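Colleague: The following block contains the structure, expressed as structure tokens.
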Amino acid sequence: MDKTIDINIDGLKHINAWLTAMPEEANAVLRSSIRSTVKAAHREALIQISRRYTISMQATEKNLQEITSRGSPASAYLLAKGRRRRIYNFKIAPKKEPETAWTSSDGYDVEIVRGQKHHLSKSLFWVRTKNGPVLTSYKTERGRRGGRMRVGYNSPFSGLSTAEMLGSKEVVEKVSEVTKSTLEEVFARGMERRLKKEVAA
């Protein structure tokens with residue numbers, strides 16, 4: 001499921017006041033300010049995700065998109081989408097890039113959320129695929145003689161998607177806080193410059 005963080009003027013009374021007093025000028029400044037703000041939200045999302053989760057900014061960058069509306073009123077949002085990320089993108093030990101398959105006799109220690117470590121069974125093993133190493137296990141079923149027989153692989157053990165990470169309470173709060181403060185600051189500077197130009201003219 002996708003996750004969005006909206007860039008809008010909800011609750012920003014002084015911006016609404018400017019839009020009422022000088023609608024044409026304020027709307028032009030607001031449109032530019034929102035474009036700058038969604039970029040700031042993008043940067044902050046990468047920072048906050050990498051602080052809370054053991055995944056690099058580079059690994060989540062491709063799953064974040066800046067969407068800006070062309071209509072009125074001006075608005076934008078940051079969109080996170082994509083599948084759950086391979087556990088290889090997170091902190092896990094031992095980590096292996098095998099030619100075929102490889103397993104750890106002691107199991108695996110994994111840390112997706114920083115500070116929250118878990119131990120995984122030694123029944124899991126690394127397999128190389130065209131998209132990189134995945135951690136999986138054999139799928140088995142009962143044979144005719146009562147034993148277990150391998151019939152394929154289970155779904156790879158995965159971490160979280162970028163949308164899930166962006167949607168965590170801690171990340172949302174930090175990104176939303178930066179988003180609103182940035183919009184206020186950029187809009188205020190933009191209106192100040194525009195008014196000075198009009199006075200000078």
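In the structure tokens, chains take the letters A, B, ... in the order shown, each chain's residues start at 1, and ligands count up from 1 in the order shown.
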Using only C-alpha atoms, which protein or nucleic acid residues come within 9 Å of Thr182 in chain A? Drop anything in the same chain fewer than 3 positions from it, and give the result as a list in words.
Modeller: Ser33, Ser36, Thr37, Ala40, Ala41, Glu177, Val178, Thr179, Glu185, Val186 and Phe187 of chain A
Colleague: Would you return as an MDAnalysis selection string the members of range 57-167 of chain A that DSSP assigns to helix (DSSP H, G or I) on this structure's backbone?
Modeller: chainID A and resid 57:61 87:89 162:166
Colleague: Might you pull out every residue within 6 Å of Ile7 in chain A, with only C-alpha atoms counted and same-chain residues fewer than 5 positions away left off, and present them as JSON, numbers by chain?
Modeller: {"A": [75, 76, 77]}
Colleague: For those residues, write N, CA, C and O atoms to a file as a compact mmCIF listing (two decimals), in the first residue's frame.
Modeller:
# COMPACT_ATOMS: atom_id res chain seq x y z
N SER A 75 -0.92 22.57 -4.55
CA SER A 75 -0.70 21.50 -3.58
C SER A 75 0.33 20.53 -4.13
O SER A 75 0.65 20.54 -5.32
N ALA A 76 0.85 19.70 -3.25
CA ALA A 76 1.82 18.68 -3.65
C ALA A 76 1.84 17.60 -2.58
O ALA A 76 1.28 17.78 -1.50
N TYR A 77 2.45 16.49 -2.90
CA TYR A 77 2.61 15.45 -1.89
C TYR A 77 3.80 14.58 -2.22
O TYR A 77 4.25 14.50 -3.38
Colleague: Hey, which bits of range 74-110 of chain A sit within 9 Å of range 125-130 of chain A, and for each residue what's the closest pair of atoms and how far apart in Å (one decimal), counting only C-alpha atoms, rows by chain and increasing number, as CSV?
Modeller:
residue,atom,partner,partner_atom,distance
A:Lys95,CA,A:Trp126,CA,8.2
A:Lys96,CA,A:Trp126,CA,6.7
A:Glu97,CA,A:Arg128,CA,6.8
A:Pro98,CA,A:Arg128,CA,6.0
A:Glu99,CA,A:Arg128,CA,6.4
A:Thr100,CA,A:Arg128,CA,5.8
A:Ala101,CA,A:Val127,CA,4.6
A:Trp102,CA,A:Trp126,CA,5.1
A:Thr103,CA,A:Phe125,CA,4.3
A:Ser104,CA,A:Phe125,CA,7.0
A:Gly107,CA,A:Phe125,CA,8.8
Colleague: Using only C-alpha atoms, which residue out of A:Arg43, A:Lys174, A:Arg85, A:Lys180 lies closest to Ala59 in chain A?
Modeller: A:Arg85
Colleague: Calculated over only C-alpha atoms, which of the candidates A:Lys3, A:His118, A:Arg193, A:Lys13 has the smallest distance to Lys81 in chain A?
Modeller: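 Of A:Lys3, A:His118, A:Arg193, A:Lys13, the one nearest Lys81 in chain A, counting only C-alpha atoms, is A:Lys3.
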Colleague: Using only C-alpha atoms for the distances, tell me which of A:Thr162, A:Ser32, A:Thr20, A:Ser121 is nearest to Leu46 in chain A.
Modeller: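 Ranking A:Thr162, A:Ser32, A:Thr20, A:Ser121 by distance to Leu46 in chain A, first place goes to A:Thr162.
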Colleague: Considering only strand (DSSP E) as DSSP defines it on the backbone, what residues of range 16-163 of chain A qualify? List them as a ChimeraX atom specification.
Modeller: /A:64-68,76-80,91-93,101-103,108-111,117-120,125-129,132-136,138-142,148-153
Colleague: For Ser155 in chain A, which of A:Ile55, A:Val113, A:Leu183, A:Leu135 is the closest residue, counting only C-alpha atoms?
Modeller: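 Counting only C-alpha atoms, the residue closest to Ser155 in chain A is A:Leu135.
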Colleague: Go ahead and compute the interatomic distance for CA of Thr60 in chain A and CA of Thr136 in chain A, in Å to one decimal.
Modeller: 22.3 Å
Colleague: May I have the residues within 12 Å of range 26-28 of chain A as a PDB file with N, CA and C atoms, in the first residue's frame, using only C-alpha atoms and disregarding those fewer than 3 positions away in the same chain?
Modeller:
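Full text of around.pdb as output:
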ATOM      1  N   ILE A   9      -1.703  23.992   2.967  1.00  0.00           N
ATOM      2  CA  ILE A   9      -1.705  25.145   3.873  1.00  0.00           C
ATOM      3  C   ILE A   9      -2.672  24.969   5.041  1.00  0.00           C
ATOM      4  N   HIS A  14      -1.507  32.471   8.555  1.00  0.00           N
ATOM      5  CA  HIS A  14      -0.954  33.684   7.934  1.00  0.00           C
ATOM      6  C   HIS A  14      -0.855  33.540   6.417  1.00  0.00           C
ATOM      7  N   ILE A  15      -0.652  32.308   5.927  1.00  0.00           N
ATOM      8  CA  ILE A  15      -0.637  32.104   4.475  1.00  0.00           C
ATOM      9  C   ILE A  15      -2.041  32.303   3.921  1.00  0.00           C
ATOM     10  N   ASN A  16      -3.031  31.774   4.624  1.00  0.00           N
ATOM     11  CA  ASN A  16      -4.423  31.987   4.193  1.00  0.00           C
ATOM     12  C   ASN A  16      -4.783  33.466   4.195  1.00  0.00           C
ATOM     13  N   ALA A  17      -4.235  34.202   5.153  1.00  0.00           N
ATOM     14  CA  ALA A  17      -4.502  35.648   5.216  1.00  0.00           C
ATOM     15  C   ALA A  17      -3.937  36.356   3.991  1.00  0.00           C
ATOM     16  N   TRP A  18      -2.732  35.991   3.571  1.00  0.00           N
ATOM     17  CA  TRP A  18      -2.136  36.572   2.370  1.00  0.00           C
ATOM     18  C   TRP A  18      -2.945  36.206   1.126  1.00  0.00           C
ATOM     19  N   LEU A  19      -3.428  34.978   1.068  1.00  0.00           N
ATOM     20  CA  LEU A  19      -4.219  34.539  -0.091  1.00  0.00           C
ATOM     21  C   LEU A  19      -5.514  35.336  -0.201  1.00  0.00           C
ATOM     22  N   THR A  20      -6.058  35.744   0.938  1.00  0.00           N
ATOM     23  CA  THR A  20      -7.283  36.556   0.942  1.00  0.00           C
ATOM     24  C   THR A  20      -6.977  38.001   0.554  1.00  0.00           C
ATOM     25  N   ALA A  21      -5.890  38.536   1.100  1.00  0.00           N
ATOM     26  CA  ALA A  21      -5.557  39.946   0.862  1.00  0.00           C
ATOM     27  C   ALA A  21      -4.983  40.192  -0.531  1.00  0.00           C
ATOM     28  N   MET A  22      -4.110  39.308  -0.989  1.00  0.00           N
ATOM     29  CA  MET A  22      -3.444  39.479  -2.286  1.00  0.00           C
ATOM     30  C   MET A  22      -3.445  38.144  -3.029  1.00  0.00           C
ATOM     31  N   PRO A  23      -4.591  37.693  -3.492  1.00  0.00           N
ATOM     32  CA  PRO A  23      -4.712  36.342  -4.048  1.00  0.00           C
ATOM     33  C   PRO A  23      -3.794  36.041  -5.227  1.00  0.00           C
ATOM     34  N   ARG A  31       2.736  28.640  -4.991  1.00  0.00           N
ATOM     35  CA  ARG A  31       3.037  27.553  -5.925  1.00  0.00           C
ATOM     36  C   ARG A  31       4.539  27.251  -5.935  1.00  0.00           C
ATOM     37  N   SER A  32       5.342  28.292  -5.977  1.00  0.00           N
ATOM     38  CA  SER A  32       6.791  28.121  -5.948  1.00  0.00           C
ATOM     39  C   SER A  32       7.248  27.548  -4.609  1.00  0.00           C
ATOM     40  N   SER A  33       6.634  28.025  -3.530  1.00  0.00           N
ATOM     41  CA  SER A  33       7.009  27.572  -2.189  1.00  0.00           C
ATOM     42  C   SER A  33       6.702  26.098  -1.989  1.00  0.00           C
ATOM     43  N   ILE A  34       5.586  25.648  -2.522  1.00  0.00           N
ATOM     44  CA  ILE A  34       5.197  24.243  -2.377  1.00  0.00           C
ATOM     45  C   ILE A  34       6.163  23.334  -3.133  1.00  0.00           C
ATOM     46  N   ARG A  35       6.640  23.781  -4.297  1.00  0.00           N
ATOM     47  CA  ARG A  35       7.616  22.980  -5.032  1.00  0.00           C
ATOM     48  C   ARG A  35       8.905  22.813  -4.221  1.00  0.00           C
ATOM     49  N   ARG A  70      -1.051  20.876 -10.808  1.00  0.00           N
ATOM     50  CA  ARG A  70      -1.004  22.044 -11.694  1.00  0.00           C
ATOM     51  C   ARG A  70      -2.271  22.882 -11.572  1.00  0.00           C
ATOM     52  N   GLY A  71      -3.202  22.406 -10.771  1.00  0.00           N
ATOM     53  CA  GLY A  71      -4.461  23.127 -10.628  1.00  0.00           C
ATOM     54  C   GLY A  71      -4.413  24.148  -9.516  1.00  0.00           C
ATOM     55  N   SER A  72      -5.569  24.584  -9.107  1.00  0.00           N
ATOM     56  CA  SER A  72      -5.687  25.551  -8.027  1.00  0.00           C
ATOM     57  C   SER A  72      -6.692  24.993  -7.010  1.00  0.00           C
ATOM     58  N   PRO A  73      -6.413  25.064  -5.704  1.00  0.00           N
ATOM     59  CA  PRO A  73      -5.230  25.687  -5.101  1.00  0.00           C
ATOM     60  C   PRO A  73      -3.981  24.838  -5.273  1.00  0.00           C
ATOM     61  N   ALA A  74      -2.839  25.480  -5.134  1.00  0.00           N
ATOM     62  CA  ALA A  74      -1.563  24.781  -5.276  1.00  0.00           C
ATOM     63  C   ALA A  74      -1.424  23.724  -4.183  1.00  0.00           C
ATOM     64  N   SER A  75      -0.918  22.575  -4.554  1.00  0.00           N
ATOM     65  CA  SER A  75      -0.701  21.502  -3.576  1.00  0.00           C
ATOM     66  C   SER A  75       0.331  20.530  -4.129  1.00  0.00           C
ATOM     67  N   PHE A 187       7.578  30.561   2.025  1.00  0.00           N
ATOM     68  CA  PHE A 187       6.505  31.463   1.600  1.00  0.00           C
ATOM     69  C   PHE A 187       6.755  32.884   2.108  1.00  0.00           C
ATOM     70  N   ALA A 188       7.168  33.017   3.370  1.00  0.00           N
ATOM     71  CA  ALA A 188       7.419  34.339   3.942  1.00  0.00           C
ATOM     72  C   ALA A 188       8.525  35.068   3.185  1.00  0.00           C
ATOM     73  N   ARG A 189       9.606  34.355   2.864  1.00  0.00           N
ATOM     74  CA  ARG A 189      10.694  34.968   2.110  1.00  0.00           C
ATOM     75  C   ARG A 189      10.244  35.356   0.711  1.00  0.00           C
ATOM     76  N   GLY A 190       9.435  34.489   0.104  1.00  0.00           N
ATOM     77  CA  GLY A 190       8.944  34.772  -1.245  1.00  0.00           C
ATOM     78  C   GLY A 190       8.043  35.988  -1.286  1.00  0.00           C
ATOM     79  N   MET A 191       7.152  36.126  -0.316  1.00  0.00           N
ATOM     80  CA  MET A 191       6.265  37.292  -0.274  1.00  0.00           C
ATOM     81  C   MET A 191       7.065  38.570  -0.007  1.00  0.00           C
ATOM     82  N   GLU A 192       8.076  38.468   0.836  1.00  0.00           N
ATOM     83  CA  GLU A 192       8.905  39.639   1.135  1.00  0.00           C
ATOM     84  C   GLU A 192       9.617  40.124  -0.127  1.00  0.00           C
ATOM     85  N   ARG A 193      10.176  39.200  -0.899  1.00  0.00           N
ATOM     86  CA  ARG A 193      10.849  39.581  -2.139  1.00  0.00           C
ATOM     87  C   ARG A 193       9.870  40.189  -3.139  1.00  0.00           C
ATOM     88  N   ARG A 194       8.685  39.605  -3.229  1.00  0.00           N
ATOM     89  CA  ARG A 194       7.704  40.090  -4.196  1.00  0.00           C
ATOM     90  C   ARG A 194       7.226  41.493  -3.834  1.00  0.00           C
ATOM     91  N   LEU A 195       6.997  41.740  -2.547  1.00  0.00           N
ATOM     92  CA  LEU A 195       6.544  43.060  -2.110  1.00  0.00           C
ATOM     93  C   LEU A 195       7.634  44.105  -2.353  1.00  0.00           C
TER      94      LEU A 195
END
